[in-house]
Amino acid sequence: MTMIKKTSGTEIRALARHIGMSAQKARRVIDQIRGCSYEQTLMILELMPYRACYPIFKLVYSAAANASHNRGLKEADLFISKAEVNEGVIVKRLKPQARGRSYPIKRPTCHITIVDMGQKINPLGFRLGTTQSHRSFWFAQPKNYSKGLQEDEKIRDCIKNYVQKHMRISSGFEGIARIDIKKRIDLIQVIIHIGFANMLIEGRARGIEELQTNVQKSFHSVNRRLNIAIARVARPYGQPNILAEYIALQLKNRVSFRKAMKKAIELAEQADAKGIQVQIAGRLNGNEIARVEWIREGRVPLQTIRVKIDYCSYPVRTIYGVLGIKIWIFLDEE
């Protein structure tokens with residue numbers, strides 16, 4: 001039996017090949033543990049009387065050890081998200097008998113795949129109240145809460161569309177790190193955190209006034225006035241949104257995704273980031289089969305709440321389809 005272990009994000013995959021039993025006998029056990037937690041799976045495998053339990057037990061234990069050692073996940077948070085059994089080759093042997101005779105013996109084999117999944121949670125929401133703060137500050141009644149969320153989304157989309165339409169061609173991307181929104185009864189305060197000298201500020205003096213007019217028209221608010229302020233970010237390449245825009249621009253220009261990821265890691269290291277992890281998913285380099293590729297440099301302790309980790313998820317449209325970019329940056333530890 002050979003064992004292959006692969007890791008993708010918080011998904012840990014273990015594959016056991018050429019196990020000496022039929023696929024039907026292995027499926028009888030696999031069907032009992034699919035969707036169960038790690039501790040419950042071990043208990044089921046220890047109590048079941050079938051011969052297939054032992055190799056499956058070793059495979060599940062190996063996948064959990066891989067998740068704990070390589071990814072820093074807790075075994076109590078793991079569960080079996082996927083379990084498959086495929087038929088393998090049939091090994092042919094000859095059983096000897098008296099007088100030089102023999103008869104053939106066919107021994108079936110199978111391949112077992114176990115996927116352990118850790119608990120997925122947004123790193124920003126996981127740290128709210130400790131190292132992260134809210135991007136929107138306002139109060140609304142429960143019946144008006146959805147309208148407030150839609151209004152925030154319209155404001156952010158309108159600002160990004162305006163910047164894309166009026167940005168300099170040489171800049172290549174927006175350079176917006178984040179947009180904070182603070183709402184009062186008669187005022188909406190919008191703070192745009194940018195990383196580079198933008199056309200909004202440097203090129204035209206009336207850029208902010210035009211932006212305010214466009215945003216005001218987008219959500220038709222007559223009773224509240226809009227105020228937009230600009231704040232510069234000290235280290236632009238320490239912001240995941242700016243790095244994701246940089247990678248997206250490189251992918252649109254048909255640059256190799258590995259080269260773009262390594263260059264983004266170099267830029268983050270220049271911004272004194274303690275650790276960074278970049279993940280790209282989709283039809284990479286135009287391949288027909290979509291896959292996930294990631295690179296990590298330094299420490300990215302996602303399970304520790306006291307550390308300050310910034311995160312973003314950024315979709316990019318290419319000629320091959322939509323790719324998803326995720327970036328985790330370990331900034332500081334309190």
# chains A, B, ... in the order shown; residues from 1 in each chain; ligands from 1
$ residues_around --residues "Gly286 of chain A" --least-positions-apart "2" --cutoff "12 Å" --atoms "only C-alpha atoms" --output "list of chain:residue names"
A:Leu251, A:Lys252, A:Arg254, A:Val255, A:Ser256, A:Phe257, A:Ala281, A:Gly282, A:Arg283, A:Leu284, A:Glu288, A:Ile289, A:Ala290, A:Arg291, A:Thr318, A:Ile319, A:Tyr320, A:Gly321, A:Val322, A:Leu323
$ residues_around --residues "Glu151 of chain A" --least-positions-apart "2" --cutoff "12 Å" --atoms "only C-alpha atoms" --output "list in words"
Ser136, Trp138, Asn144, Tyr145, Ser146, Lys147, Gly148, Leu149, Glu153, Lys154, Ile155, Arg156, Asp157, Cys158, Ile181, Lys182, Lys183, Ile188, Val215, Gln216, Lys217, Ser218, Phe219, His220 and Ser221 of chain A
$ write_last_selection --atoms "C-alpha atoms" --output "compact mmCIF listing (two decimals), in the first residue's frame"
# COMPACT_ATOMS: atom_id res chain seq x y z
CA SER A 136 -18.93 50.19 8.38
CA TRP A 138 -23.97 52.71 11.65
CA ASN A 144 -33.99 48.50 7.61
CA TYR A 145 -30.75 46.54 8.09
CA SER A 146 -30.74 44.97 4.62
CA LYS A 147 -31.25 48.40 3.01
CA GLY A 148 -28.21 49.71 4.88
CA LEU A 149 -26.05 46.86 3.61
CA GLU A 153 -22.38 48.05 -1.41
CA LYS A 154 -23.61 50.69 -3.86
CA ILE A 155 -21.27 53.30 -2.39
CA ARG A 156 -18.23 51.03 -2.65
CA ASP A 157 -19.09 49.88 -6.19
CA CYS A 158 -19.66 53.44 -7.37
CA ILE A 181 -18.20 54.12 5.88
CA LYS A 182 -19.62 55.98 8.90
CA LYS A 183 -23.30 56.93 8.90
CA ILE A 188 -22.49 59.82 5.47
CA VAL A 215 -22.06 58.65 -5.39
CA GLN A 216 -24.88 60.97 -4.27
CA LYS A 217 -26.81 60.14 -7.44
CA SER A 218 -26.29 56.40 -7.04
CA PHE A 219 -28.31 55.93 -3.84
CA HIS A 220 -30.67 58.97 -4.08
CA SER A 221 -30.29 60.22 -0.53
$ select_by_dssp --residues "segment 263-311 of chain A" --states "strand (DSSP E)" --output "PDB file with all heavy atoms, in the first residue's frame"
ATOM      1  N   GLY A 275       4.592  37.482   7.444  1.00  0.00           N
ATOM      2  CA  GLY A 275       4.215  36.264   6.736  1.00  0.00           C
ATOM      3  C   GLY A 275       3.127  36.571   5.737  1.00  0.00           C
ATOM      4  O   GLY A 275       2.336  37.507   5.917  1.00  0.00           O
ATOM      5  N   ILE A 276       3.085  35.774   4.672  1.00  0.00           N
ATOM      6  CA  ILE A 276       2.069  35.972   3.642  1.00  0.00           C
ATOM      7  C   ILE A 276       1.758  34.630   2.997  1.00  0.00           C
ATOM      8  O   ILE A 276       2.644  33.778   2.839  1.00  0.00           O
ATOM      9  CB  ILE A 276       2.535  36.995   2.575  1.00  0.00           C
ATOM     10  CG1 ILE A 276       1.459  37.149   1.484  1.00  0.00           C
ATOM     11  CG2 ILE A 276       3.859  36.598   1.977  1.00  0.00           C
ATOM     12  CD1 ILE A 276       1.749  38.217   0.472  1.00  0.00           C
ATOM     13  N   GLN A 277       0.496  34.447   2.655  1.00  0.00           N
ATOM     14  CA  GLN A 277       0.052  33.263   1.923  1.00  0.00           C
ATOM     15  C   GLN A 277      -0.827  33.717   0.777  1.00  0.00           C
ATOM     16  O   GLN A 277      -1.774  34.488   0.962  1.00  0.00           O
ATOM     17  CB  GLN A 277      -0.721  32.306   2.828  1.00  0.00           C
ATOM     18  CG  GLN A 277      -1.218  31.062   2.113  1.00  0.00           C
ATOM     19  CD  GLN A 277      -1.860  30.060   3.048  1.00  0.00           C
ATOM     20  OE1 GLN A 277      -1.498  29.986   4.218  1.00  0.00           O
ATOM     21  NE2 GLN A 277      -2.802  29.295   2.553  1.00  0.00           N
ATOM     22  N   VAL A 278      -0.507  33.254  -0.432  1.00  0.00           N
ATOM     23  CA  VAL A 278      -1.230  33.624  -1.646  1.00  0.00           C
ATOM     24  C   VAL A 278      -1.797  32.350  -2.262  1.00  0.00           C
ATOM     25  O   VAL A 278      -1.082  31.358  -2.414  1.00  0.00           O
ATOM     26  CB  VAL A 278      -0.315  34.342  -2.656  1.00  0.00           C
ATOM     27  CG1 VAL A 278      -1.104  34.760  -3.884  1.00  0.00           C
ATOM     28  CG2 VAL A 278       0.338  35.560  -2.018  1.00  0.00           C
ATOM     29  N   GLN A 279      -3.073  32.395  -2.615  1.00  0.00           N
ATOM     30  CA  GLN A 279      -3.745  31.231  -3.212  1.00  0.00           C
ATOM     31  C   GLN A 279      -4.513  31.680  -4.443  1.00  0.00           C
ATOM     32  O   GLN A 279      -5.222  32.691  -4.421  1.00  0.00           O
ATOM     33  CB  GLN A 279      -4.698  30.592  -2.206  1.00  0.00           C
ATOM     34  CG  GLN A 279      -5.513  29.439  -2.759  1.00  0.00           C
ATOM     35  CD  GLN A 279      -6.434  28.832  -1.730  1.00  0.00           C
ATOM     36  OE1 GLN A 279      -5.997  28.413  -0.660  1.00  0.00           O
ATOM     37  NE2 GLN A 279      -7.713  28.798  -2.020  1.00  0.00           N
ATOM     38  N   ILE A 280      -4.364  30.931  -5.531  1.00  0.00           N
ATOM     39  CA  ILE A 280      -5.077  31.196  -6.778  1.00  0.00           C
ATOM     40  C   ILE A 280      -5.791  29.912  -7.188  1.00  0.00           C
ATOM     41  O   ILE A 280      -5.195  28.833  -7.187  1.00  0.00           O
ATOM     42  CB  ILE A 280      -4.128  31.664  -7.898  1.00  0.00           C
ATOM     43  CG1 ILE A 280      -3.364  32.924  -7.470  1.00  0.00           C
ATOM     44  CG2 ILE A 280      -4.903  31.954  -9.177  1.00  0.00           C
ATOM     45  CD1 ILE A 280      -2.396  33.432  -8.515  1.00  0.00           C
ATOM     46  N   ALA A 281      -7.062  30.039  -7.553  1.00  0.00           N
ATOM     47  CA  ALA A 281      -7.866  28.884  -7.948  1.00  0.00           C
ATOM     48  C   ALA A 281      -8.539  29.165  -9.282  1.00  0.00           C
ATOM     49  O   ALA A 281      -8.934  30.300  -9.569  1.00  0.00           O
ATOM     50  CB  ALA A 281      -8.923  28.559  -6.880  1.00  0.00           C
ATOM     51  N   GLY A 282      -8.664  28.128 -10.105  1.00  0.00           N
ATOM     52  CA  GLY A 282      -9.332  28.266 -11.399  1.00  0.00           C
ATOM     53  C   GLY A 282      -8.544  27.565 -12.489  1.00  0.00           C
ATOM     54  O   GLY A 282      -7.690  26.711 -12.231  1.00  0.00           O
ATOM     55  N   ARG A 291      -7.714  23.945 -10.837  1.00  0.00           N
ATOM     56  CA  ARG A 291      -6.996  23.459  -9.659  1.00  0.00           C
ATOM     57  C   ARG A 291      -6.675  24.646  -8.758  1.00  0.00           C
ATOM     58  O   ARG A 291      -6.952  25.796  -9.104  1.00  0.00           O
ATOM     59  CB  ARG A 291      -5.700  22.738 -10.056  1.00  0.00           C
ATOM     60  CG  ARG A 291      -4.637  23.625 -10.686  1.00  0.00           C
ATOM     61  CD  ARG A 291      -3.440  22.782 -11.110  1.00  0.00           C
ATOM     62  NE  ARG A 291      -2.284  23.576 -11.457  1.00  0.00           N
ATOM     63  CZ  ARG A 291      -2.054  24.083 -12.648  1.00  0.00           C
ATOM     64  NH1 ARG A 291      -2.941  23.903 -13.629  1.00  0.00           N
ATOM     65  NH2 ARG A 291      -0.954  24.781 -12.895  1.00  0.00           N
ATOM     66  N   VAL A 292      -6.090  24.346  -7.604  1.00  0.00           N
ATOM     67  CA  VAL A 292      -5.739  25.367  -6.609  1.00  0.00           C
ATOM     68  C   VAL A 292      -4.236  25.308  -6.380  1.00  0.00           C
ATOM     69  O   VAL A 292      -3.678  24.229  -6.152  1.00  0.00           O
ATOM     70  CB  VAL A 292      -6.504  25.139  -5.282  1.00  0.00           C
ATOM     71  CG1 VAL A 292      -6.113  26.201  -4.261  1.00  0.00           C
ATOM     72  CG2 VAL A 292      -7.999  25.158  -5.525  1.00  0.00           C
ATOM     73  N   GLU A 293      -3.594  26.461  -6.447  1.00  0.00           N
ATOM     74  CA  GLU A 293      -2.162  26.575  -6.175  1.00  0.00           C
ATOM     75  C   GLU A 293      -1.958  27.659  -5.122  1.00  0.00           C
ATOM     76  O   GLU A 293      -2.624  28.696  -5.154  1.00  0.00           O
ATOM     77  CB  GLU A 293      -1.372  26.934  -7.439  1.00  0.00           C
ATOM     78  CG  GLU A 293      -1.394  25.871  -8.523  1.00  0.00           C
ATOM     79  CD  GLU A 293      -0.510  24.686  -8.192  1.00  0.00           C
ATOM     80  OE1 GLU A 293       0.329  24.821  -7.283  1.00  0.00           O
ATOM     81  OE2 GLU A 293      -0.664  23.640  -8.846  1.00  0.00           O
ATOM     82  N   TRP A 294      -1.040  27.403  -4.181  1.00  0.00           N
ATOM     83  CA  TRP A 294      -0.780  28.402  -3.143  1.00  0.00           C
ATOM     84  C   TRP A 294       0.691  28.385  -2.763  1.00  0.00           C
ATOM     85  O   TRP A 294       1.393  27.389  -2.937  1.00  0.00           O
ATOM     86  CB  TRP A 294      -1.652  28.153  -1.908  1.00  0.00           C
ATOM     87  CG  TRP A 294      -1.437  26.832  -1.243  1.00  0.00           C
ATOM     88  CD1 TRP A 294      -2.012  25.645  -1.563  1.00  0.00           C
ATOM     89  CD2 TRP A 294      -0.555  26.561  -0.140  1.00  0.00           C
ATOM     90  NE1 TRP A 294      -1.562  24.651  -0.740  1.00  0.00           N
ATOM     91  CE2 TRP A 294      -0.665  25.174   0.140  1.00  0.00           C
ATOM     92  CE3 TRP A 294       0.316  27.347   0.612  1.00  0.00           C
ATOM     93  CZ2 TRP A 294       0.052  24.579   1.164  1.00  0.00           C
ATOM     94  CZ3 TRP A 294       1.026  26.738   1.630  1.00  0.00           C
ATOM     95  CH2 TRP A 294       0.892  25.381   1.911  1.00  0.00           C
ATOM     96  N   ILE A 295       1.148  29.527  -2.273  1.00  0.00           N
ATOM     97  CA  ILE A 295       2.523  29.711  -1.803  1.00  0.00           C
ATOM     98  C   ILE A 295       2.455  30.447  -0.472  1.00  0.00           C
ATOM     99  O   ILE A 295       1.685  31.398  -0.308  1.00  0.00           O
ATOM    100  CB  ILE A 295       3.376  30.510  -2.811  1.00  0.00           C
ATOM    101  CG1 ILE A 295       3.502  29.765  -4.136  1.00  0.00           C
ATOM    102  CG2 ILE A 295       4.771  30.775  -2.251  1.00  0.00           C
ATOM    103  CD1 ILE A 295       4.284  30.519  -5.185  1.00  0.00           C
ATOM    104  N   ARG A 296       3.264  29.997   0.478  1.00  0.00           N
ATOM    105  CA  ARG A 296       3.331  30.659   1.783  1.00  0.00           C
ATOM    106  C   ARG A 296       4.776  30.973   2.110  1.00  0.00           C
ATOM    107  O   ARG A 296       5.676  30.157   1.892  1.00  0.00           O
ATOM    108  CB  ARG A 296       2.714  29.763   2.858  1.00  0.00           C
ATOM    109  CG  ARG A 296       2.708  30.413   4.252  1.00  0.00           C
ATOM    110  CD  ARG A 296       2.035  29.510   5.247  1.00  0.00           C
ATOM    111  NE  ARG A 296       2.686  28.208   5.316  1.00  0.00           N
ATOM    112  CZ  ARG A 296       2.172  27.154   5.941  1.00  0.00           C
ATOM    113  NH1 ARG A 296       0.987  27.250   6.519  1.00  0.00           N
ATOM    114  NH2 ARG A 296       2.827  26.016   5.972  1.00  0.00           N
ATOM    115  N   GLU A 297       4.990  32.164   2.638  1.00  0.00           N
ATOM    116  CA  GLU A 297       6.316  32.610   3.060  1.00  0.00           C
ATOM    117  C   GLU A 297       6.198  33.189   4.459  1.00  0.00           C
ATOM    118  O   GLU A 297       5.385  34.084   4.716  1.00  0.00           O
ATOM    119  CB  GLU A 297       6.861  33.662   2.087  1.00  0.00           C
ATOM    120  CG  GLU A 297       8.310  34.035   2.312  1.00  0.00           C
ATOM    121  CD  GLU A 297       9.280  32.927   1.935  1.00  0.00           C
ATOM    122  OE1 GLU A 297       8.921  32.115   1.067  1.00  0.00           O
ATOM    123  OE2 GLU A 297      10.381  32.881   2.506  1.00  0.00           O
ATOM    124  N   GLY A 298       6.998  32.683   5.382  1.00  0.00           N
ATOM    125  CA  GLY A 298       6.931  33.161   6.757  1.00  0.00           C
ATOM    126  C   GLY A 298       5.809  32.474   7.530  1.00  0.00           C
ATOM    127  O   GLY A 298       5.307  31.415   7.155  1.00  0.00           O
ATOM    128  N   VAL A 307      -3.080  37.737  16.958  1.00  0.00           N
ATOM    129  CA  VAL A 307      -2.252  38.241  15.869  1.00  0.00           C
ATOM    130  C   VAL A 307      -3.123  39.032  14.903  1.00  0.00           C
ATOM    131  O   VAL A 307      -4.316  38.753  14.729  1.00  0.00           O
ATOM    132  CB  VAL A 307      -1.525  37.099  15.137  1.00  0.00           C
ATOM    133  CG1 VAL A 307      -0.648  36.323  16.096  1.00  0.00           C
ATOM    134  CG2 VAL A 307      -2.504  36.183  14.448  1.00  0.00           C
ATOM    135  N   LYS A 308      -2.531  40.025  14.273  1.00  0.00           N
ATOM    136  CA  LYS A 308      -3.239  40.870  13.320  1.00  0.00           C
ATOM    137  C   LYS A 308      -2.988  40.334  11.917  1.00  0.00           C
ATOM    138  O   LYS A 308      -1.872  40.414  11.400  1.00  0.00           O
ATOM    139  CB  LYS A 308      -2.772  42.314  13.435  1.00  0.00           C
ATOM    140  CG  LYS A 308      -3.582  43.277  12.586  1.00  0.00           C
ATOM    141  CD  LYS A 308      -3.184  44.718  12.829  1.00  0.00           C
ATOM    142  CE  LYS A 308      -4.059  45.656  12.012  1.00  0.00           C
ATOM    143  NZ  LYS A 308      -3.681  47.085  12.223  1.00  0.00           N
ATOM    144  N   ILE A 309      -4.017  39.763  11.326  1.00  0.00           N
ATOM    145  CA  ILE A 309      -3.933  39.191   9.985  1.00  0.00           C
ATOM    146  C   ILE A 309      -4.949  39.884   9.099  1.00  0.00           C
ATOM    147  O   ILE A 309      -6.133  39.972   9.447  1.00  0.00           O
ATOM    148  CB  ILE A 309      -4.182  37.668  10.004  1.00  0.00           C
ATOM    149  CG1 ILE A 309      -3.028  36.965  10.716  1.00  0.00           C
ATOM    150  CG2 ILE A 309      -4.339  37.120   8.592  1.00  0.00           C
ATOM    151  CD1 ILE A 309      -3.165  35.469  10.790  1.00  0.00           C
ATOM    152  N   ASP A 310      -4.476  40.385   7.965  1.00  0.00           N
ATOM    153  CA  ASP A 310      -5.355  41.007   6.985  1.00  0.00           C
ATOM    154  C   ASP A 310      -5.631  40.009   5.870  1.00  0.00           C
ATOM    155  O   ASP A 310      -4.764  39.204   5.512  1.00  0.00           O
ATOM    156  CB  ASP A 310      -4.720  42.277   6.422  1.00  0.00           C
ATOM    157  CG  ASP A 310      -5.781  43.283   6.006  1.00  0.00           C
ATOM    158  OD1 ASP A 310      -6.958  42.891   5.941  1.00  0.00           O
ATOM    159  OD2 ASP A 310      -5.432  44.451   5.735  1.00  0.00           O
ATOM    160  N   TYR A 311      -6.834  40.087   5.297  1.00  0.00           N
ATOM    161  CA  TYR A 311      -7.277  39.074   4.341  1.00  0.00           C
ATOM    162  C   TYR A 311      -8.143  39.711   3.279  1.00  0.00           C
ATOM    163  O   TYR A 311      -8.853  40.703   3.534  1.00  0.00           O
ATOM    164  CB  TYR A 311      -8.064  37.982   5.081  1.00  0.00           C
ATOM    165  CG  TYR A 311      -8.881  37.069   4.188  1.00  0.00           C
ATOM    166  CD1 TYR A 311      -8.293  36.008   3.510  1.00  0.00           C
ATOM    167  CD2 TYR A 311     -10.250  37.278   4.020  1.00  0.00           C
ATOM    168  CE1 TYR A 311      -9.040  35.176   2.699  1.00  0.00           C
ATOM    169  CE2 TYR A 311     -11.006  36.450   3.213  1.00  0.00           C
ATOM    170  CZ  TYR A 311     -10.393  35.400   2.556  1.00  0.00           C
ATOM    171  OH  TYR A 311     -11.133  34.578   1.749  1.00  0.00           O
TER     172      TYR A 311
END
$ select_by_dssp --residues "segment 114-188 of chain A" --states "alpha helix (DSSP H)" --output "PyMOL selection string"
chain A and resi 123-126+145-166
$ closest_atom_pairs --of "segment 213-306 of chain A" --to "segment 107-130 of chain A" --cutoff "9 Å" --atoms "only C-alpha atoms" --output "JSON lines"
{"residue": "A:Leu302", "atom": "CA", "partner": "A:Pro123", "partner_atom": "CA", "distance": 7.0}
{"residue": "A:Gln303", "atom": "CA", "partner": "A:Pro123", "partner_atom": "CA", "distance": 8.9}
{"residue": "A:Ile305", "atom": "CA", "partner": "A:Arg127", "partner_atom": "CA", "distance": 5.9}
{"residue": "A:Arg306", "atom": "CA", "partner": "A:Thr130", "partner_atom": "CA", "distance": 6.8}
$ write_last_selection --atoms "N, CA and C atoms" --output "compact mmCIF listing (two decimals), in the first residue's frame"
# COMPACT_ATOMS: atom_id res chain seq x y z
N LEU A 302 -3.27 31.41 11.51
CA LEU A 302 -4.68 31.73 11.37
C LEU A 302 -5.49 31.35 12.61
N GLN A 303 -4.97 30.44 13.43
CA GLN A 303 -5.73 29.98 14.59
C GLN A 303 -5.55 30.89 15.81
N ILE A 305 -5.88 34.30 17.74
CA ILE A 305 -6.73 35.48 17.63
C ILE A 305 -5.95 36.77 17.88
N ARG A 306 -4.94 36.72 18.72
CA ARG A 306 -4.25 37.95 19.10
C ARG A 306 -3.37 38.52 17.99
$ atom_distance --atom1 "atom CA of Ser313 of chain A" --atom2 "atom CA of Met261 of chain A"
14.6 Å
$ residues_around --residues "Lys25 of chain A" --least-positions-apart "6" --cutoff "10 Å" --atoms "only C-alpha atoms" --output "number ranges by chain"
A: 50-53, 85, 110
$ write_last_selection --atoms "C-alpha atoms" --output "CSV table (one decimal), in the first residue's frame"
chain,number,residue,atom,x,y,z
A,50,TYR,CA,-14.6,-5.7,9.2
A,51,ARG,CA,-11.1,-6.2,7.9
A,52,ALA,CA,-11.3,-3.0,5.8
A,53,CYS,CA,-11.4,-0.9,9.0
A,85,VAL,CA,-13.2,4.0,-3.1
A,110,CYS,CA,-8.8,-0.8,-4.5
$ closest_residue --among "A:Arg101, A:Lys143, A:Arg178, A:Arg299" --to "Ile230 of chain A" --atoms "only C-alpha atoms"
A:Arg178
$ atom_distance --atom1 "atom CA of His18 of chain A" --atom2 "atom CA of Pro55 of chain A"
11.1 Å
$ closest_residue --among "A:Ile329, A:Ile228, A:Ile192, A:Ile176" --to "Ile242 of chain A" --atoms "only C-alpha atoms"
A:Ile176
$ closest_residue --among "A:Val91, A:Ala273, A:Leu59, A:Met43" --to "Met21 of chain A" --atoms "only C-alpha atoms"
A:Val91
$ residues_around --residues "Ala177 of chain A" --least-positions-apart "6" --cutoff "8 Å" --atoms "only C-alpha atoms" --output "number ranges by chain"
A: 192-195, 233, 236, 239-242
$ write_last_selection --atoms "N, CA, C and O atoms" --output "PDB file, in the first residue's frame"
ATOM      1  N   ILE A 192     -11.646  56.861   2.035  1.00  0.00           N
ATOM      2  CA  ILE A 192     -11.021  55.985   1.043  1.00  0.00           C
ATOM      3  C   ILE A 192      -9.539  55.897   1.368  1.00  0.00           C
ATOM      4  O   ILE A 192      -8.821  56.910   1.326  1.00  0.00           O
ATOM      5  N   HIS A 193      -9.071  54.702   1.691  1.00  0.00           N
ATOM      6  CA  HIS A 193      -7.657  54.481   1.986  1.00  0.00           C
ATOM      7  C   HIS A 193      -6.979  54.012   0.699  1.00  0.00           C
ATOM      8  O   HIS A 193      -7.288  52.931   0.186  1.00  0.00           O
ATOM      9  N   ILE A 194      -6.078  54.836   0.179  1.00  0.00           N
ATOM     10  CA  ILE A 194      -5.403  54.513  -1.068  1.00  0.00           C
ATOM     11  C   ILE A 194      -3.913  54.325  -0.806  1.00  0.00           C
ATOM     12  O   ILE A 194      -3.371  54.803   0.197  1.00  0.00           O
ATOM     13  N   GLY A 195      -3.267  53.622  -1.715  1.00  0.00           N
ATOM     14  CA  GLY A 195      -1.856  53.320  -1.524  1.00  0.00           C
ATOM     15  C   GLY A 195      -0.928  54.124  -2.388  1.00  0.00           C
ATOM     16  O   GLY A 195       0.259  54.238  -2.088  1.00  0.00           O
ATOM     17  N   VAL A 233      -2.134  55.296   2.631  1.00  0.00           N
ATOM     18  CA  VAL A 233      -1.592  54.156   3.360  1.00  0.00           C
ATOM     19  C   VAL A 233      -0.074  54.235   3.305  1.00  0.00           C
ATOM     20  O   VAL A 233       0.516  54.473   2.240  1.00  0.00           O
ATOM     21  N   PRO A 236       1.846  50.505   0.956  1.00  0.00           N
ATOM     22  CA  PRO A 236       0.767  49.989   0.098  1.00  0.00           C
ATOM     23  C   PRO A 236       0.824  48.480  -0.107  1.00  0.00           C
ATOM     24  O   PRO A 236      -0.211  47.808  -0.087  1.00  0.00           O
ATOM     25  N   GLN A 239      -0.930  45.753   2.062  1.00  0.00           N
ATOM     26  CA  GLN A 239      -2.384  45.605   2.023  1.00  0.00           C
ATOM     27  C   GLN A 239      -2.766  44.499   1.047  1.00  0.00           C
ATOM     28  O   GLN A 239      -2.324  44.499  -0.104  1.00  0.00           O
ATOM     29  N   PRO A 240      -3.569  43.538   1.462  1.00  0.00           N
ATOM     30  CA  PRO A 240      -3.880  42.404   0.575  1.00  0.00           C
ATOM     31  C   PRO A 240      -4.673  42.789  -0.660  1.00  0.00           C
ATOM     32  O   PRO A 240      -4.528  42.169  -1.713  1.00  0.00           O
ATOM     33  N   ASN A 241      -5.536  43.807  -0.563  1.00  0.00           N
ATOM     34  CA  ASN A 241      -6.323  44.203  -1.725  1.00  0.00           C
ATOM     35  C   ASN A 241      -5.438  44.749  -2.842  1.00  0.00           C
ATOM     36  O   ASN A 241      -5.662  44.463  -4.017  1.00  0.00           O
ATOM     37  N   ILE A 242      -4.420  45.531  -2.467  1.00  0.00           N
ATOM     38  CA  ILE A 242      -3.517  46.079  -3.479  1.00  0.00           C
ATOM     39  C   ILE A 242      -2.680  44.966  -4.105  1.00  0.00           C
ATOM     40  O   ILE A 242      -2.443  44.949  -5.325  1.00  0.00           O
TER      41      ILE A 242
END
$ atom_distance --atom1 "atom CA of Leu45 of chain A" --atom2 "atom CA of Gln32 of chain A"
9.0 Å
